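J.: Structure in structure tokens, see below.
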Amino acid sequence: MFLLYFVLWIIYFGSVTAESVLFGLGIAAAIFAFTCAFLDHSIKKELSIYKRIPGMVRYVYVLVCEIVKANLAVIHMILSEEEELQPVLVNFHSDLQTPTGQAFLANAITLTPGTITVSLENGEYVVHCLDENLAEGMDTSVCAEMISELEN
């Protein structure tokens, strides 16, 4: 949060000078202190977020790669005249423990072309797939593994 406050200060101030940086650091520190005191935030939580940043960057990279692969697969399915699409509903259970992790996986599935998360309750997913080929390995996807690593 401290870095976010500082970056917002620099953006709103409009220029980067020694004076604006020093004043911005002071303002960001004051707002961060207020956040810690009254909004149940702590420096420990802040450091745990900073430790997860490399994992989050890797997750976003893998997610973008999976989206590109799925785009190519869906384009091939649509343009291929020999293949008849077989829509299917897939039920699977995820071992993700937190509601945030489960929501991240549901959003990753929905962002991937050809799949839509229909339902999520207590780790049980119902996903509509444009074709049976897109349903393979959904419960053991790379994104689910990376989200599980980020949870720990």
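Ordering of the structure tokens sets the chain letters (A, B, ...); residue numbers start at 1 within each chain; ligands are numbered from 1 in the order shown.
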Mind listing the helix (DSSP H, G or I) residues of region 13-152 of chain A, per DSSP on the backbone, as an MDAnalysis selection string?

T.: chainID A and resid 13 18:38 43:79 99:111 132:135 142:151

J.: What lies within 10 Å of region 132-144 of chain A using only C-alpha atoms, ignoring chain neighbours under 6 positions off, as an MDAnalysis selection string?

T.: chainID A and resid 59:60 62:63 66 70 73:74 77 85:96 101:102 104:106 108:109 112:115 125 150

J.: Report, in Å to a single decimal, how far apart CA of Met56 (chain A) and CA of Thr100 (chain A) are.

T.: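 Calculated distance between CA of Thr100 (chain A) and CA of Met56 (chain A) is 13.5 Å.
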
J.: Show me, as a PDB file with N, CA, C and O atoms, in the first residue's frame, the residues that have an atom within 12 Å of Phe13 (chain A) when counting only C-alpha atoms, minus same-chain residues fewer than 6 positions from it.

T.:
ATOM      1  N   PHE A   6       2.535   6.151  -2.759  1.00  0.00           N
ATOM      2  CA  PHE A   6       3.607   6.986  -3.290  1.00  0.00           C
ATOM      3  C   PHE A   6       3.475   7.172  -4.801  1.00  0.00           C
ATOM      4  O   PHE A   6       3.613   8.282  -5.312  1.00  0.00           O
ATOM      5  N   VAL A   7       3.189   6.102  -5.520  1.00  0.00           N
ATOM      6  CA  VAL A   7       3.036   6.192  -6.978  1.00  0.00           C
ATOM      7  C   VAL A   7       1.853   7.088  -7.328  1.00  0.00           C
ATOM      8  O   VAL A   7       1.937   7.909  -8.251  1.00  0.00           O
ATOM      9  N   GLU A  19      11.932  17.639  -4.448  1.00  0.00           N
ATOM     10  CA  GLU A  19      10.948  18.162  -3.506  1.00  0.00           C
ATOM     11  C   GLU A  19       9.666  17.332  -3.522  1.00  0.00           C
ATOM     12  O   GLU A  19       9.138  16.970  -2.467  1.00  0.00           O
ATOM     13  N   SER A  20       9.164  16.998  -4.711  1.00  0.00           N
ATOM     14  CA  SER A  20       7.920  16.232  -4.797  1.00  0.00           C
ATOM     15  C   SER A  20       8.113  14.804  -4.283  1.00  0.00           C
ATOM     16  O   SER A  20       7.210  14.241  -3.667  1.00  0.00           O
ATOM     17  N   VAL A  21       9.293  14.221  -4.521  1.00  0.00           N
ATOM     18  CA  VAL A  21       9.562  12.866  -4.036  1.00  0.00           C
ATOM     19  C   VAL A  21       9.618  12.849  -2.514  1.00  0.00           C
ATOM     20  O   VAL A  21       9.008  11.991  -1.871  1.00  0.00           O
ATOM     21  N   PHE A  23       8.348  15.053  -0.357  1.00  0.00           N
ATOM     22  CA  PHE A  23       7.030  15.348   0.179  1.00  0.00           C
ATOM     23  C   PHE A  23       6.097  14.152  -0.028  1.00  0.00           C
ATOM     24  O   PHE A  23       5.313  13.809   0.859  1.00  0.00           O
ATOM     25  N   GLY A  24       6.183  13.501  -1.185  1.00  0.00           N
ATOM     26  CA  GLY A  24       5.366  12.326  -1.477  1.00  0.00           C
ATOM     27  C   GLY A  24       5.652  11.179  -0.532  1.00  0.00           C
ATOM     28  O   GLY A  24       4.739  10.467  -0.112  1.00  0.00           O
ATOM     29  N   ILE A  27       3.920  12.076   2.741  1.00  0.00           N
ATOM     30  CA  ILE A  27       2.460  11.915   2.637  1.00  0.00           C
ATOM     31  C   ILE A  27       2.094  10.430   2.584  1.00  0.00           C
ATOM     32  O   ILE A  27       1.159   9.978   3.258  1.00  0.00           O
TER      33      ILE A  27
END

J.: Extract the full set of strand (DSSP E) residues from chain A according to DSSP on the backbone, and format it as a PyMOL selection string.

T.: chain A and resi 88-93+115-121+124-129

J.: Take the residues from that selection and put them in a file with all heavy atoms, as a compact mmCIF listing (two decimals), in the first residue's frame.

T.:
# COMPACT_ATOMS: atom_id res chain seq x y z
N VAL A 88 -19.69 -29.13 -23.91
CA VAL A 88 -19.78 -30.03 -22.77
C VAL A 88 -19.71 -29.23 -21.47
O VAL A 88 -19.06 -28.17 -21.42
CB VAL A 88 -18.66 -31.10 -22.83
CG1 VAL A 88 -17.29 -30.47 -22.73
CG2 VAL A 88 -18.84 -32.17 -21.80
N LEU A 89 -20.39 -29.71 -20.44
CA LEU A 89 -20.26 -29.15 -19.10
C LEU A 89 -19.33 -30.05 -18.30
O LEU A 89 -19.50 -31.27 -18.28
CB LEU A 89 -21.61 -29.09 -18.39
CG LEU A 89 -22.53 -27.94 -18.77
CD1 LEU A 89 -23.87 -28.09 -18.07
CD2 LEU A 89 -21.91 -26.61 -18.44
N VAL A 90 -18.35 -29.44 -17.66
CA VAL A 90 -17.35 -30.19 -16.90
C VAL A 90 -17.51 -29.85 -15.42
O VAL A 90 -17.59 -28.67 -15.05
CB VAL A 90 -15.93 -29.82 -17.36
CG1 VAL A 90 -14.89 -30.55 -16.55
CG2 VAL A 90 -15.76 -30.10 -18.83
N ASN A 91 -17.56 -30.87 -14.58
CA ASN A 91 -17.58 -30.69 -13.12
C ASN A 91 -16.23 -31.15 -12.58
O ASN A 91 -15.77 -32.23 -12.93
CB ASN A 91 -18.68 -31.53 -12.47
CG ASN A 91 -20.05 -31.10 -12.92
OD1 ASN A 91 -20.35 -29.92 -12.96
ND2 ASN A 91 -20.88 -32.06 -13.26
N PHE A 92 -15.62 -30.33 -11.73
CA PHE A 92 -14.39 -30.76 -11.08
C PHE A 92 -14.24 -30.03 -9.76
O PHE A 92 -14.86 -29.00 -9.52
CB PHE A 92 -13.16 -30.56 -11.98
CG PHE A 92 -12.76 -29.13 -12.20
CD1 PHE A 92 -11.81 -28.51 -11.38
CD2 PHE A 92 -13.30 -28.40 -13.23
CE1 PHE A 92 -11.44 -27.21 -11.58
CE2 PHE A 92 -12.93 -27.10 -13.45
CZ PHE A 92 -12.00 -26.49 -12.62
N HIS A 93 -13.40 -30.60 -8.91
CA HIS A 93 -13.12 -30.03 -7.59
C HIS A 93 -11.70 -29.50 -7.57
O HIS A 93 -10.78 -30.13 -8.09
CB HIS A 93 -13.29 -31.09 -6.49
CG HIS A 93 -12.96 -30.57 -5.13
ND1 HIS A 93 -13.82 -29.76 -4.43
CD2 HIS A 93 -11.86 -30.72 -4.37
CE1 HIS A 93 -13.27 -29.44 -3.27
NE2 HIS A 93 -12.07 -30.02 -3.20
N THR A 115 -14.15 -21.29 -22.83
CA THR A 115 -14.58 -21.82 -21.54
C THR A 115 -15.23 -20.71 -20.72
O THR A 115 -14.81 -19.57 -20.77
CB THR A 115 -13.40 -22.40 -20.73
OG1 THR A 115 -12.41 -21.40 -20.58
CG2 THR A 115 -12.81 -23.60 -21.43
N ILE A 116 -16.26 -21.09 -19.97
CA ILE A 116 -16.94 -20.15 -19.08
C ILE A 116 -17.23 -20.87 -17.77
O ILE A 116 -17.77 -21.97 -17.76
CB ILE A 116 -18.27 -19.66 -19.68
CG1 ILE A 116 -18.01 -18.88 -20.97
CG2 ILE A 116 -19.03 -18.80 -18.70
CD1 ILE A 116 -19.27 -18.48 -21.70
N THR A 117 -16.88 -20.24 -16.66
CA THR A 117 -17.22 -20.80 -15.36
C THR A 117 -18.69 -20.51 -15.09
O THR A 117 -19.10 -19.36 -15.00
CB THR A 117 -16.35 -20.19 -14.25
OG1 THR A 117 -14.99 -20.36 -14.58
CG2 THR A 117 -16.65 -20.83 -12.91
N VAL A 118 -19.48 -21.56 -15.00
CA VAL A 118 -20.92 -21.42 -14.79
C VAL A 118 -21.23 -21.31 -13.31
O VAL A 118 -22.06 -20.51 -12.89
CB VAL A 118 -21.67 -22.63 -15.41
CG1 VAL A 118 -23.16 -22.54 -15.15
CG2 VAL A 118 -21.39 -22.72 -16.90
N SER A 119 -20.54 -22.10 -12.49
CA SER A 119 -20.85 -22.15 -11.07
C SER A 119 -19.59 -22.47 -10.27
O SER A 119 -18.72 -23.22 -10.72
CB SER A 119 -21.91 -23.22 -10.81
OG SER A 119 -22.11 -23.41 -9.45
N LEU A 120 -19.52 -21.89 -9.09
CA LEU A 120 -18.45 -22.18 -8.15
C LEU A 120 -19.04 -22.18 -6.75
O LEU A 120 -19.53 -21.16 -6.27
CB LEU A 120 -17.33 -21.14 -8.24
CG LEU A 120 -16.31 -21.12 -7.11
CD1 LEU A 120 -15.57 -22.44 -7.02
CD2 LEU A 120 -15.33 -19.97 -7.29
N GLU A 121 -19.01 -23.35 -6.11
CA GLU A 121 -19.49 -23.46 -4.73
C GLU A 121 -18.59 -24.41 -3.96
O GLU A 121 -18.45 -25.57 -4.33
CB GLU A 121 -20.93 -23.99 -4.70
CG GLU A 121 -21.95 -23.00 -5.22
CD GLU A 121 -23.37 -23.52 -5.06
OE1 GLU A 121 -23.61 -24.35 -4.17
OE2 GLU A 121 -24.22 -23.08 -5.85
N GLU A 124 -16.15 -26.54 -5.81
CA GLU A 124 -16.73 -27.34 -6.90
C GLU A 124 -17.06 -26.41 -8.07
O GLU A 124 -17.87 -25.50 -7.94
CB GLU A 124 -18.00 -28.06 -6.45
CG GLU A 124 -17.77 -29.10 -5.40
CD GLU A 124 -17.04 -30.32 -5.92
OE1 GLU A 124 -17.17 -30.65 -7.11
OE2 GLU A 124 -16.33 -30.94 -5.11
N TYR A 125 -16.42 -26.67 -9.21
CA TYR A 125 -16.60 -25.84 -10.39
C TYR A 125 -17.48 -26.55 -11.41
O TYR A 125 -17.38 -27.76 -11.59
CB TYR A 125 -15.25 -25.56 -11.06
CG TYR A 125 -14.33 -24.70 -10.26
CD1 TYR A 125 -13.57 -25.22 -9.22
CD2 TYR A 125 -14.20 -23.35 -10.54
CE1 TYR A 125 -12.71 -24.44 -8.49
CE2 TYR A 125 -13.34 -22.55 -9.81
CZ TYR A 125 -12.60 -23.10 -8.79
OH TYR A 125 -11.75 -22.31 -8.06
N VAL A 126 -18.31 -25.78 -12.08
CA VAL A 126 -19.02 -26.25 -13.26
C VAL A 126 -18.60 -25.31 -14.38
O VAL A 126 -18.79 -24.09 -14.28
CB VAL A 126 -20.56 -26.23 -13.07
CG1 VAL A 126 -21.25 -26.66 -14.36
CG2 VAL A 126 -20.95 -27.10 -11.91
N VAL A 127 -18.01 -25.88 -15.43
CA VAL A 127 -17.46 -25.08 -16.52
C VAL A 127 -18.06 -25.54 -17.83
O VAL A 127 -18.12 -26.74 -18.13
CB VAL A 127 -15.92 -25.21 -16.57
CG1 VAL A 127 -15.33 -24.42 -17.72
CG2 VAL A 127 -15.30 -24.77 -15.26
N HIS A 128 -18.52 -24.59 -18.63
CA HIS A 128 -19.01 -24.88 -19.97
C HIS A 128 -17.84 -24.73 -20.94
O HIS A 128 -17.18 -23.69 -20.96
CB HIS A 128 -20.14 -23.93 -20.37
CG HIS A 128 -20.63 -24.16 -21.76
ND1 HIS A 128 -20.07 -23.54 -22.85
CD2 HIS A 128 -21.61 -24.96 -22.23
CE1 HIS A 128 -20.69 -23.94 -23.95
NE2 HIS A 128 -21.64 -24.81 -23.59
N CYS A 129 -17.60 -25.77 -21.73
CA CYS A 129 -16.52 -25.76 -22.72
C CYS A 129 -17.11 -25.82 -24.11
O CYS A 129 -18.06 -26.57 -24.36
CB CYS A 129 -15.57 -26.93 -22.51
SG CYS A 129 -14.75 -26.90 -20.92

J.: Would you work out the distance separating CA of Lys44 (chain A) from CA of Leu22 (chain A), expressed in Å to one decimal?

T.: 24.1 Å

J.: So how far away is CA of Arg52 (chain A) from CA of Asn152 (chain A), in Å?

T.: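 Separation of CA of Asn152 (chain A) and CA of Arg52 (chain A): 9.8 Å.
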
J.: What's around Leu47 (chain A) at 12 Å? Count only C-alpha atoms, leave out sequence neighbours fewer than 6 positions away in its own chain, and write the answer as a list in words.

T.: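 Listed by chain and then number, they are Met1, Phe2, Leu3, His41 and Ile53 of chain A.
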
J.: For the selection just defined, write its residues with N, CA and C atoms to a file, as an mmCIF file, in the first residue's frame.

T.:
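Final output, part-v9.cif:
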data_model
loop_
_atom_site.group_PDB
_atom_site.id
_atom_site.type_symbol
_atom_site.label_atom_id
_atom_site.label_comp_id
_atom_site.auth_asym_id
_atom_site.auth_seq_id
_atom_site.Cartn_x
_atom_site.Cartn_y
_atom_site.Cartn_z
ATOM 1 N N MET A 1 0.829 -1.189 0.000
ATOM 2 C CA MET A 1 0.000 0.000 0.000
ATOM 3 C C MET A 1 0.873 1.252 0.000
ATOM 4 N N PHE A 2 1.991 1.191 0.711
ATOM 5 C CA PHE A 2 2.861 2.358 0.770
ATOM 6 C C PHE A 2 3.332 2.754 -0.629
ATOM 7 N N LEU A 3 3.783 1.761 -1.401
ATOM 8 C CA LEU A 3 4.239 2.065 -2.764
ATOM 9 C C LEU A 3 3.091 2.579 -3.628
ATOM 10 N N HIS A 41 -4.466 -3.127 8.730
ATOM 11 C CA HIS A 41 -3.351 -3.443 7.833
ATOM 12 C C HIS A 41 -2.080 -3.374 8.672
ATOM 13 N N ILE A 53 4.967 -10.801 -5.246
ATOM 14 C CA ILE A 53 4.972 -10.114 -6.533
ATOM 15 C C ILE A 53 5.627 -10.940 -7.639
#

J.: May I have the residues within 10 Å of Thr98 (chain A) as number ranges by chain, using only C-alpha atoms and disregarding those fewer than 5 positions away in the same chain?

T.: A: 103-104, 122-123, 148, 151

J.: What would the file look like if the residues just selected were written as a JSON list (two decimals), in the first residue's frame with all heavy atoms?

T.:
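So selection.json came out as:
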[["chain", "number", "residue", "atom", "x", "y", "z"],
["A", 103, "ALA", "N", -11.68, -17.86, -6.67],
["A", 103, "ALA", "CA", -12.18, -16.84, -7.60],
["A", 103, "ALA", "C", -11.16, -16.56, -8.70],
["A", 103, "ALA", "O", -11.53, -16.35, -9.86],
["A", 103, "ALA", "CB", -12.52, -15.56, -6.84],
["A", 104, "PHE", "N", -9.86, -16.55, -8.35],
["A", 104, "PHE", "CA", -8.82, -16.35, -9.35],
["A", 104, "PHE", "C", -8.87, -17.45, -10.41],
["A", 104, "PHE", "O", -8.75, -17.18, -11.61],
["A", 104, "PHE", "CB", -7.43, -16.32, -8.70],
["A", 104, "PHE", "CG", -6.92, -14.95, -8.42],
["A", 104, "PHE", "CD1", -7.29, -14.27, -7.27],
["A", 104, "PHE", "CD2", -6.05, -14.32, -9.30],
["A", 104, "PHE", "CE1", -6.82, -13.01, -7.00],
["A", 104, "PHE", "CE2", -5.57, -13.06, -9.03],
["A", 104, "PHE", "CZ", -5.96, -12.40, -7.88],
["A", 122, "ASN", "N", -17.96, -23.90, -2.91],
["A", 122, "ASN", "CA", -17.11, -24.71, -2.03],
["A", 122, "ASN", "C", -16.04, -25.49, -2.79],
["A", 122, "ASN", "O", -15.78, -26.66, -2.51],
["A", 122, "ASN", "CB", -17.96, -25.67, -1.19],
["A", 122, "ASN", "CG", -18.97, -24.93, -0.34],
["A", 122, "ASN", "OD1", -18.70, -23.85, 0.16],
["A", 122, "ASN", "ND2", -20.14, -25.51, -0.20],
["A", 123, "GLY", "N", -15.43, -24.87, -3.76],
["A", 123, "GLY", "CA", -14.37, -25.52, -4.52],
["A", 123, "GLY", "C", -14.84, -26.42, -5.64],
["A", 123, "GLY", "O", -14.03, -27.03, -6.33],
["A", 148, "SER", "N", -2.25, -22.10, -6.29],
["A", 148, "SER", "CA", -2.02, -22.85, -5.06],
["A", 148, "SER", "C", -0.69, -22.44, -4.42],
["A", 148, "SER", "O", -0.60, -22.30, -3.19],
["A", 148, "SER", "CB", -2.04, -24.35, -5.36],
["A", 148, "SER", "OG", -1.77, -25.09, -4.20],
["A", 151, "GLU", "N", -1.11, -19.11, -2.75],
["A", 151, "GLU", "CA", -1.86, -19.17, -1.50],
["A", 151, "GLU", "C", -0.96, -19.49, -0.32],
["A", 151, "GLU", "O", -1.22, -19.05, 0.79],
["A", 151, "GLU", "CB", -2.94, -20.26, -1.60],
["A", 151, "GLU", "CG", -4.17, -19.84, -2.33],
["A", 151, "GLU", "CD", -5.25, -20.91, -2.30],
["A", 151, "GLU", "OE1", -4.93, -22.10, -2.16],
["A", 151, "GLU", "OE2", -6.42, -20.53, -2.40]]

J.: Can you tell me which residues surround Ile43 (chain A) at a distance of at most 12 Å, considering only C-alpha atoms, apart from same-chain residues fewer than 4 positions away, and format the answer as a list in words?

T.: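 Counting only the stated atoms, we get Met1, Phe2, Ala29, Phe32, Ala33, Thr35, Cys36, Ala37, Leu47, Ser48, Ile49 and Tyr50 of chain A.
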
J.: Counting only C-alpha atoms, which of A:Asn107, A:Ser42, A:Ser80, A:Gln97 gets nearest to Ile67 (chain A)?

T.: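 Among the listed residues, the smallest separation from Ile67 (chain A) belongs to A:Asn107.
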
J.: Nearest to Tyr5 (chain A): which of A:Tyr61, A:Glu81, A:Leu25, A:Glu145 is it, counting only C-alpha atoms?

T.: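 Looking at the shortest contact to Tyr5 (chain A), the residue is A:Leu25.
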